[in-house]
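One structure is given below, encoded as structure tokens.
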Amino acid sequence: MSTRHFINDPTQLVNSALQSLTFTNPSLALDVENKVIYRRPNKAVPTQVSLISGGGSGHEPSFGAFVGSGLLSAAVAGTIFASPSTEQIRKAITSRVEHDRGVLVTVMNYTGDVLNFGVAVEKAKAIGLDVEMVVVGDDVGVGRERGGKVGRRGIAGTVLVHKISGALAAQGAPLEQVYKVAKLTADNLVSVGASLAHVHVPGRERVDPASADNLADGEVEIGMGIHNEKGSQRGKLELPALVSTMLAQLLDQNDKDRAFLNVNSNEIVLMVNNLGGVSVLELGGITAEVVKQLQSSWGIQPVRVLSGTYMTSLNGLGFSITLLNVVNTDIGGPSMIQLLDYPCEATGWSAPIAKATWEAKNTAIRKFTLESGLRIKPTGLKADATAMNEALTSGLQAIIAVEPEVTKYDTVVGDGDCGIGLKRGAEAILDHLKAEPPTGDIVFDVSYIVPVVETAMDGTSGALFSIFLNSLVHSLRVLPPGEASTETWASALKQSSEALAKYTPAKPGDRTFIDALYPFVEALKKTGSLKEAAEAAKKGAEGTKGMKASLGRAVYVGGSGFEEVPDPGAWGLASFFLGLAGLKSDEEGWEAI
């Protein structure tokens, strides 16, 4: 592990690296505050579907250097190995790209990225923008058993999704087709990496050389992630044996833990990616070994071989192999190979910047913002404002009252902050309702509660509630004007639950707040009774007692506490629903655990 760097301040490092992209490609601009690289406005270029991606810094040239004509429209950078915030991403979607043809957001499958990009996408949908999101998980390094519900991590294959979807968008295809082909590409990718050492993040303390986390001389770790995550195995292997093992993980259909994709197309694309610290000379030797073994051991002759630096792990002393199973796009237009070959102008790809771009001396920047014109407007979907205020107040007060109980439960099975977080959010909404009482237009009213939740509640639960509420605004917004019935709410809540499922694998039975949410939505839709729905939520929360956690921090806490108390989040949410329905602790239907 090399701990020597020319720039040791991580903030300066990220900011200056982003700025450099505007020097090497004059068609790009930088939103310094939000760390967004975007294409400068150009009236001579036809409007197209906008493509946005991003993630933690440290993976350069991904993602900023893939912004350019024929590829991405914008990229959002976080700090090193950390997802950008929801607000950064929201600004990128709403004010740094065109919206006329829609927006496609592509993100790698890491919890922080999926949630933060997901919140921003749902917020964009809630204000009427046409946005789709594709999550890429191409890594086979961690098999099904270890990956569980989280699924495969996203690594270098993501770049091929960018290139193919970017080329299609540049040719004027509609969002529906661009999304379809991006998803199809993501579904036909497999990748695996290997490294001789973990990387050192500038600004962090040096790892003890004697630590067991370090690899011994001559030892290689197969399946190591791009954030220093552990792989599947370690061993002392020469390159031929290492490549043989990696190709088997990608291609062996008898390995049921890793046979994610049957690579059976007549056309296969190979990408050999430098993780940052391999010399160009050595990468050439690695590429030759991979191509030879694909031909001799697997009968595969790639139709395209890409070898270079596409997605790094800082100065990682390793490489990854990606295979794309080329399939029919079924859109009656260009094939995946044609899209891969389509010219682009991005420094991260091999195509050079065109002469005309340099000579144009384009200095335009995007001064305007569409955000002010995209605010939620009253829709005419009405409810009794007084009754709505009273019900919400009752539910929020119930959350505050139950905080000690929730905190007690979370101290047993978590880190003890669930009750405080819920209380903080409830108090913030109550303050908002006092200052801005409901108007009776439910889309308008709910939409202005959303930013209160986003500001007051942080962490994973805050992101999940934000996604749900933004989706609720979108679901209500598309309904016709009129008086909102119980059926109206049930339908919108059902759609919001389905939207939430895109961003979390949590299902009833996983011991999360979903165990209270889903029963409430289903019962409301079935019975039309808020009281019966609240009682169903309470029953669902009670049922989590004794349920072993599949997701969240409780998975790591361990112990037998889960046998003694219900899930704190589920109990807190059930309390809100009970309060919403007007049920009190001394009324029939409420039982303390």
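Lettering and numbering for the structure tokens are positional, with chains as A, B, ... in the shown order, residues counted from 1 in each chain, and ligands counted from 1 in the shown order.
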Surrounding residues of region 66-69 of chain A excluding itself and chain neighbours under 2 positions, 6 Å, only C-alpha atoms, as a list in words: Phe63, Gly64, Leu71, Leu72, Ser73, Ala74, Cys344, Glu345, Ala346 and Gly348 of chain A
Hey, can you spit out that residue selection with C-alpha atoms as an mmCIF file, in the first residue's frame?
```cif
data_model
loop_
_atom_site.group_PDB
_atom_site.id
_atom_site.type_symbol
_atom_site.label_atom_id
_atom_site.label_comp_id
_atom_site.auth_asym_id
_atom_site.auth_seq_id
_atom_site.Cartn_x
_atom_site.Cartn_y
_atom_site.Cartn_z
ATOM 1 C CA PHE A 63 -17.484 9.676 -13.730
ATOM 2 C CA GLY A 64 -16.610 13.266 -14.607
ATOM 3 C CA LEU A 71 -21.713 10.170 -23.475
ATOM 4 C CA LEU A 72 -22.903 11.702 -20.164
ATOM 5 C CA SER A 73 -24.590 15.083 -19.827
ATOM 6 C CA ALA A 74 -23.461 15.562 -16.220
ATOM 7 C CA CYS A 344 -18.005 10.652 -28.530
ATOM 8 C CA GLU A 345 -16.030 13.525 -27.097
ATOM 9 C CA ALA A 346 -15.001 12.737 -23.541
ATOM 10 C CA GLY A 348 -12.243 9.359 -20.241
#
```
DSSP strand (DSSP E or B) residues within region 297-454 of chain A, as a PDB file with N, CA and C atoms, in the first residue's frame:
```
ATOM      1  N   ARG A 304     -14.836  -6.890 -29.720  1.00  0.00           N
ATOM      2  CA  ARG A 304     -14.185  -5.646 -29.351  1.00  0.00           C
ATOM      3  C   ARG A 304     -13.365  -5.912 -28.086  1.00  0.00           C
ATOM      4  N   VAL A 305     -12.147  -5.409 -28.068  1.00  0.00           N
ATOM      5  CA  VAL A 305     -11.291  -5.515 -26.877  1.00  0.00           C
ATOM      6  C   VAL A 305     -10.936  -4.100 -26.437  1.00  0.00           C
ATOM      7  N   LEU A 306     -11.372  -3.731 -25.247  1.00  0.00           N
ATOM      8  CA  LEU A 306     -11.070  -2.420 -24.674  1.00  0.00           C
ATOM      9  C   LEU A 306     -10.110  -2.630 -23.510  1.00  0.00           C
ATOM     10  N   SER A 307      -8.981  -1.944 -23.561  1.00  0.00           N
ATOM     11  CA  SER A 307      -7.981  -2.089 -22.510  1.00  0.00           C
ATOM     12  C   SER A 307      -7.487  -0.710 -22.118  1.00  0.00           C
ATOM     13  N   GLY A 308      -7.631  -0.375 -20.855  1.00  0.00           N
ATOM     14  CA  GLY A 308      -7.203   0.946 -20.416  1.00  0.00           C
ATOM     15  C   GLY A 308      -7.710   1.258 -19.024  1.00  0.00           C
ATOM     16  N   GLY A 316      -5.023   1.894  -7.079  1.00  0.00           N
ATOM     17  CA  GLY A 316      -5.127   0.464  -6.805  1.00  0.00           C
ATOM     18  C   GLY A 316      -4.226  -0.382  -7.696  1.00  0.00           C
ATOM     19  N   GLY A 318      -4.201  -3.179  -9.198  1.00  0.00           N
ATOM     20  CA  GLY A 318      -5.003  -4.312  -9.642  1.00  0.00           C
ATOM     21  C   GLY A 318      -5.683  -4.021 -10.958  1.00  0.00           C
ATOM     22  N   PHE A 319      -6.523  -4.955 -11.387  1.00  0.00           N
ATOM     23  CA  PHE A 319      -7.251  -4.811 -12.645  1.00  0.00           C
ATOM     24  C   PHE A 319      -8.574  -5.544 -12.525  1.00  0.00           C
ATOM     25  N   SER A 320      -9.479  -5.241 -13.447  1.00  0.00           N
ATOM     26  CA  SER A 320     -10.750  -5.967 -13.502  1.00  0.00           C
ATOM     27  C   SER A 320     -11.013  -6.409 -14.928  1.00  0.00           C
ATOM     28  N   ILE A 321     -11.798  -7.462 -15.047  1.00  0.00           N
ATOM     29  CA  ILE A 321     -12.204  -7.996 -16.348  1.00  0.00           C
ATOM     30  C   ILE A 321     -13.713  -7.878 -16.444  1.00  0.00           C
ATOM     31  N   THR A 322     -14.200  -7.332 -17.559  1.00  0.00           N
ATOM     32  CA  THR A 322     -15.634  -7.206 -17.805  1.00  0.00           C
ATOM     33  C   THR A 322     -15.977  -7.864 -19.127  1.00  0.00           C
ATOM     34  N   LEU A 323     -17.075  -8.599 -19.151  1.00  0.00           N
ATOM     35  CA  LEU A 323     -17.596  -9.189 -20.385  1.00  0.00           C
ATOM     36  C   LEU A 323     -19.014  -8.678 -20.614  1.00  0.00           C
ATOM     37  N   LEU A 324     -19.257  -8.212 -21.829  1.00  0.00           N
ATOM     38  CA  LEU A 324     -20.597  -7.781 -22.230  1.00  0.00           C
ATOM     39  C   LEU A 324     -21.159  -8.793 -23.211  1.00  0.00           C
ATOM     40  N   ASN A 325     -22.288  -9.365 -22.840  1.00  0.00           N
ATOM     41  CA  ASN A 325     -22.997 -10.299 -23.702  1.00  0.00           C
ATOM     42  C   ASN A 325     -23.881  -9.482 -24.645  1.00  0.00           C
ATOM     43  N   GLU A 345     -17.057  12.530 -27.398  1.00  0.00           N
ATOM     44  CA  GLU A 345     -16.030  13.525 -27.097  1.00  0.00           C
ATOM     45  C   GLU A 345     -15.920  13.663 -25.589  1.00  0.00           C
ATOM     46  N   LEU A 381     -56.812  18.538  -6.046  1.00  0.00           N
ATOM     47  CA  LEU A 381     -57.138  17.299  -5.342  1.00  0.00           C
ATOM     48  C   LEU A 381     -57.317  17.674  -3.872  1.00  0.00           C
ATOM     49  N   LYS A 382     -58.560  17.655  -3.398  1.00  0.00           N
ATOM     50  CA  LYS A 382     -58.896  18.309  -2.141  1.00  0.00           C
ATOM     51  C   LYS A 382     -59.153  17.341  -0.985  1.00  0.00           C
ATOM     52  N   ASP A 441     -55.424  21.407  -0.340  1.00  0.00           N
ATOM     53  CA  ASP A 441     -54.925  20.799  -1.575  1.00  0.00           C
ATOM     54  C   ASP A 441     -53.831  19.822  -1.168  1.00  0.00           C
TER      55      ASP A 441
END
```
Can you pull out every residue within 12 Å of Gly277 (chain A), counting only C-alpha atoms, but drop anything in the same chain fewer than 5 positions away, and send it as a ChimeraX atom specification? /A:1-2,59,195-200,282-283,308-309,311-319
C-alpha atoms of the current selection, written as a PDB file, in the first residue's frame:
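Output saved as part.pdb:
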```pdb
ATOM      1  CA  MET A   1       0.000   0.000   0.000  1.00  0.00           C
ATOM      2  CA  SER A   2       1.516   3.285  -1.106  1.00  0.00           C
ATOM      3  CA  HIS A  59     -12.695   6.176  -9.358  1.00  0.00           C
ATOM      4  CA  SER A 195      -5.570  -6.593  -6.539  1.00  0.00           C
ATOM      5  CA  LEU A 196      -2.144  -6.972  -4.966  1.00  0.00           C
ATOM      6  CA  ALA A 197      -2.794  -4.369  -2.257  1.00  0.00           C
ATOM      7  CA  HIS A 198      -5.387  -2.214  -0.564  1.00  0.00           C
ATOM      8  CA  VAL A 199      -5.265   1.496  -1.344  1.00  0.00           C
ATOM      9  CA  HIS A 200      -4.547   4.408   0.975  1.00  0.00           C
ATOM     10  CA  GLU A 282       1.884  -4.587 -17.479  1.00  0.00           C
ATOM     11  CA  LEU A 283      -1.758  -3.928 -18.389  1.00  0.00           C
ATOM     12  CA  GLY A 308      -7.203   0.946 -20.416  1.00  0.00           C
ATOM     13  CA  THR A 309      -8.148   2.983 -17.375  1.00  0.00           C
ATOM     14  CA  MET A 311     -12.787   3.021 -13.422  1.00  0.00           C
ATOM     15  CA  THR A 312     -10.129   3.086 -10.728  1.00  0.00           C
ATOM     16  CA  SER A 313      -9.757   2.649  -7.000  1.00  0.00           C
ATOM     17  CA  LEU A 314      -7.343   5.562  -6.525  1.00  0.00           C
ATOM     18  CA  ASN A 315      -3.912   4.031  -7.200  1.00  0.00           C
ATOM     19  CA  GLY A 316      -5.127   0.464  -6.805  1.00  0.00           C
ATOM     20  CA  LEU A 317      -2.549  -2.108  -7.807  1.00  0.00           C
ATOM     21  CA  GLY A 318      -5.003  -4.312  -9.642  1.00  0.00           C
ATOM     22  CA  PHE A 319      -7.251  -4.811 -12.645  1.00  0.00           C
TER      23      PHE A 319
END
```
For Ala516 (chain A), please output as a PyMOL selection string all residues within 12 Å (counting only C-alpha atoms; exclusion window: fewer than 5 positions along the same chain). chain A and resi 497+506-511+521-523+533-544+566-578
I'd like to know which of A:His162, A:Lys183, A:Lys123, A:Arg40 is closest to Pro26 (chain A), using only C-alpha atoms.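 Closest to Pro26 (chain A), using only C-alpha atoms: A:Arg40.
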DSSP alpha helix (DSSP H) residues within region 225-424 of chain A, listed as an NGL selection string: :A and (239-251 or 280-298 or 336-341 or 355-360 or 385-413 or 418-424)
List as a PyMOL selection string the protein and nucleic acid residues near Asn389 (chain A), meaning an atom at most 10 Å away when only C-alpha atoms are counted, but skip any in the same chain fewer than 6 places from it. chain A and resi 395+430+433-434+437-440
Please save all heavy atoms of the selected residues as a PDB file, in the first residue's frame.
```pdb
ATOM      1  N   GLY A 395     -51.095  11.956  14.904  1.00  0.00           N
ATOM      2  CA  GLY A 395     -50.105  10.942  14.567  1.00  0.00           C
ATOM      3  C   GLY A 395     -48.708  11.342  14.967  1.00  0.00           C
ATOM      4  O   GLY A 395     -47.933  10.534  15.510  1.00  0.00           O
ATOM      5  N   LEU A 430     -44.509  19.165  13.009  1.00  0.00           N
ATOM      6  CA  LEU A 430     -45.482  19.893  13.833  1.00  0.00           C
ATOM      7  C   LEU A 430     -45.216  21.398  13.787  1.00  0.00           C
ATOM      8  O   LEU A 430     -46.151  22.204  13.681  1.00  0.00           O
ATOM      9  CB  LEU A 430     -45.434  19.386  15.276  1.00  0.00           C
ATOM     10  CG  LEU A 430     -46.120  18.044  15.550  1.00  0.00           C
ATOM     11  CD1 LEU A 430     -45.839  17.578  16.973  1.00  0.00           C
ATOM     12  CD2 LEU A 430     -47.625  18.149  15.313  1.00  0.00           C
ATOM     13  N   LEU A 433     -46.476  22.627  10.485  1.00  0.00           N
ATOM     14  CA  LEU A 433     -47.936  22.699  10.427  1.00  0.00           C
ATOM     15  C   LEU A 433     -48.467  23.910  11.185  1.00  0.00           C
ATOM     16  O   LEU A 433     -49.492  24.490  10.803  1.00  0.00           O
ATOM     17  CB  LEU A 433     -48.547  21.406  10.984  1.00  0.00           C
ATOM     18  CG  LEU A 433     -48.322  20.137  10.162  1.00  0.00           C
ATOM     19  CD1 LEU A 433     -48.895  18.927  10.893  1.00  0.00           C
ATOM     20  CD2 LEU A 433     -48.958  20.269   8.780  1.00  0.00           C
ATOM     21  N   LYS A 434     -47.769  24.278  12.250  1.00  0.00           N
ATOM     22  CA  LYS A 434     -48.192  25.473  12.995  1.00  0.00           C
ATOM     23  C   LYS A 434     -47.944  26.738  12.172  1.00  0.00           C
ATOM     24  O   LYS A 434     -48.748  27.664  12.170  1.00  0.00           O
ATOM     25  CB  LYS A 434     -47.440  25.552  14.324  1.00  0.00           C
ATOM     26  CG  LYS A 434     -47.857  24.497  15.332  1.00  0.00           C
ATOM     27  CD  LYS A 434     -47.008  24.580  16.599  1.00  0.00           C
ATOM     28  CE  LYS A 434     -47.390  23.469  17.568  1.00  0.00           C
ATOM     29  NZ  LYS A 434     -46.517  23.484  18.785  1.00  0.00           N
ATOM     30  N   PRO A 437     -50.308  25.901   8.099  1.00  0.00           N
ATOM     31  CA  PRO A 437     -51.376  24.898   8.208  1.00  0.00           C
ATOM     32  C   PRO A 437     -51.777  24.390   6.819  1.00  0.00           C
ATOM     33  O   PRO A 437     -51.618  25.092   5.816  1.00  0.00           O
ATOM     34  CB  PRO A 437     -52.522  25.670   8.866  1.00  0.00           C
ATOM     35  CG  PRO A 437     -51.876  26.842   9.519  1.00  0.00           C
ATOM     36  CD  PRO A 437     -50.708  27.203   8.662  1.00  0.00           C
ATOM     37  N   PRO A 438     -52.298  23.152   6.746  1.00  0.00           N
ATOM     38  CA  PRO A 438     -52.729  22.603   5.453  1.00  0.00           C
ATOM     39  C   PRO A 438     -53.739  23.511   4.766  1.00  0.00           C
ATOM     40  O   PRO A 438     -54.577  24.137   5.411  1.00  0.00           O
ATOM     41  CB  PRO A 438     -53.352  21.255   5.838  1.00  0.00           C
ATOM     42  CG  PRO A 438     -52.677  20.874   7.109  1.00  0.00           C
ATOM     43  CD  PRO A 438     -52.447  22.170   7.841  1.00  0.00           C
ATOM     44  N   THR A 439     -53.645  23.557   3.441  1.00  0.00           N
ATOM     45  CA  THR A 439     -54.557  24.380   2.639  1.00  0.00           C
ATOM     46  C   THR A 439     -55.783  23.612   2.185  1.00  0.00           C
ATOM     47  O   THR A 439     -56.771  24.198   1.749  1.00  0.00           O
ATOM     48  CB  THR A 439     -53.831  24.898   1.387  1.00  0.00           C
ATOM     49  OG1 THR A 439     -53.483  23.782   0.551  1.00  0.00           O
ATOM     50  CG2 THR A 439     -52.578  25.669   1.760  1.00  0.00           C
ATOM     51  N   GLY A 440     -55.683  22.267   2.244  1.00  0.00           N
ATOM     52  CA  GLY A 440     -56.763  21.435   1.726  1.00  0.00           C
ATOM     53  C   GLY A 440     -56.435  20.852   0.371  1.00  0.00           C
ATOM     54  O   GLY A 440     -57.085  19.901  -0.072  1.00  0.00           O
TER      55      GLY A 440
END
```
Excluding Ala499 (chain A) and residues on its chain fewer than 5 positions from it, collect all residues at most 8 Å away from it, counting only C-alpha atoms, and give them as an MDAnalysis selection string. chainID A and resid 467:468 471
